[in-house]
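Read the structure below first, then the notes.
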Amino acid sequence: MNDELHERIRAVIADVPAGTVATYGDVAALSGAPSPRMVGRALAEDGHDLPWHRILRANGTPAPHLLHEQLERLRAEGVLADGQKVDLRKYRWRPDGDEPSEDEPPGLF
DNA sequence: CGCGTGACGTATC
DNA sequence: AGATACGCCACGC
């Protein structure tokens with residue numbers, strides 16, 4: 001049943017901690033969705049109970065009709081957005097990856 | 001059963 | 001910045 005897939009997608013989204021964001025592609029990969037678009041559809045149809053505002057696009061921009069709403073919610077959680085884009089490399093959710101041993105060394109780049 | 005369309009995408013040109 | 005190609009699923013005809 002596809003319901004299981006929906007449940008899995010929702011589970012992954014529900015597993016995203018506050019102050020963190022994830023992309024549709026990430027959720028799709030983690031949930032096993034065949035395509036990131038299914039994630040968006042799953043949310044549009046059944047994401048009313050989920051922190052959908054933590055799900056952004058690959059470039060860090062949320063959906064157009066929810067852009068403002070989403071940014072407001074994210075801001076409330078500590079995720080600041082620059083006009084419309086969010087720093088994915090900074091707020092991107094990492095599955096249990098508390099490993100500050102890489103990524104951005106201070107002063108570099 | 002096939003086809004067209006929509007849906008909160010992504011990557012590439 | 002825009003347009004295009006690809007992908008998967010649900011719905012209506």
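Lettering and numbering for the structure tokens are positional, with chains as A, B, ... in the shown order, residues counted from 1 in each chain, and ligands counted from 1 in the shown order.
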
Env of segment 63-72 of chain A: 12 Å cut, atoms = only C-alpha atoms (C1' of nucleotides), seq-sep filter 2 positions within chain, self excluded. Answer as a ChimeraX atom specification.
/A:19,21,23-24,40-41,43-44,51-61,74-87 /B:7-9

Exercise answer, chain C residues close to chain A, 9 Å and only C-alpha atoms (C1' of nucleotides), as a ChimeraX atom specification:
/C:7-9

Have a look at atom C1' of DT5 of chain B and atom CA of Ile13 of chain A and let me know their distance in Å, one decimal.
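Answer for the atom C1' of DT5 of chain B to atom CA of Ile13 of chain A separation: 27.9 Å.
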
Tell me which protein, DNA and RNA residues are within 12 Å of DC13 of chain B, counting only C-alpha atoms (C1' of nucleotides), leaving out same-chain ones fewer than 2 positions away, and put them as a list in words.
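The filter keeps DA11 of chain B; DG2, DA3, DT4 and DA5 of chain C.
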
Taking the DSSP assignment computed from this structure's backbone, write out as a list in words all residues of chain A that belong to strand (DSSP E or B).
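Going through chain A, the strand (DSSP E or B) residues come out as Val21, Ala22, Thr23, Ile55, Leu56, Ala81, Asp82, Lys85, Val86 and Arg92 of chain A.
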
Keeping only N, CA and C atoms, write the selected residues as a compact mmCIF listing (two decimals), in the first residue's frame.
# COMPACT_ATOMS: atom_id res chain seq x y z
N VAL A 21 16.24 22.06 9.15
CA VAL A 21 15.43 21.92 7.95
C VAL A 21 15.95 20.78 7.09
N ALA A 22 15.12 20.34 6.19
CA ALA A 22 15.53 19.26 5.29
C ALA A 22 14.91 19.52 3.91
N THR A 23 15.50 18.95 2.92
CA THR A 23 14.98 19.15 1.57
C THR A 23 14.06 18.00 1.18
N ILE A 55 10.48 21.63 5.83
CA ILE A 55 10.85 21.02 4.56
C ILE A 55 11.01 22.10 3.50
N LEU A 56 12.19 22.20 2.97
CA LEU A 56 12.48 23.21 1.96
C LEU A 56 12.89 22.54 0.66
N ALA A 81 16.20 33.31 7.66
CA ALA A 81 16.27 33.21 6.21
C ALA A 81 16.64 34.56 5.61
N ASP A 82 17.39 34.50 4.58
CA ASP A 82 17.79 35.73 3.92
C ASP A 82 16.76 36.07 2.83
N LYS A 85 15.61 32.81 0.98
CA LYS A 85 16.39 31.57 1.03
C LYS A 85 16.93 31.29 2.43
N VAL A 86 17.05 30.02 2.73
CA VAL A 86 17.59 29.59 4.02
C VAL A 86 18.94 28.91 3.80
N ARG A 92 20.63 22.56 7.49
CA ARG A 92 20.22 21.29 6.92
C ARG A 92 20.28 20.17 7.96

One residue among A:Ile9, A:Pro62, A:Asp15, A:Glu45 is nearest to DA10 of chain C when using only C-alpha atoms (C1' of nucleotides), and that residue is A:Glu45

Identify which of the residues A:Asp49, A:Pro95, A:Val39, A:Arg73 lies closest to chain B, counting only C-alpha atoms (C1' of nucleotides) when measuring atom-to-atom distances.
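Using only C-alpha atoms (C1' of nucleotides), the shortest distance to chain B belongs to A:Val39.
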
Which residue gives the smallest distance to chain B among A:Gly47, A:Val12, A:Leu30, A:His6, with only C-alpha atoms (C1' of nucleotides) counted?
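Closest to chain B, using only C-alpha atoms (C1' of nucleotides): A:Gly47.
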
Could you pull out the alpha helix (DSSP H) residues of chain A, going by DSSP on the backbone, and write them as number ranges by chain?
A: 2-14, 24-31, 36-46, 67-77, 88-91

Which of A:Gly32, A:Gly25, A:Trp93, A:Arg8 sits closest to chain B [using only C-alpha atoms (C1' of nucleotides)]:
A:Gly25

Please compute the atom CA of Thr20 of chain A-atom C1' of DT12 of chain B distance, one decimal, in Å.
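Between atom CA of Thr20 of chain A and atom C1' of DT12 of chain B the gap is 28.2 Å.
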
In terms of the shortest atom-to-atom distance over only C-alpha atoms (C1' of nucleotides), which of A:Asp26, A:Glu4, A:Ser31, A:Arg94 is closest to chain B?
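Counting only C-alpha atoms (C1' of nucleotides), the residue closest to chain B is A:Asp26.
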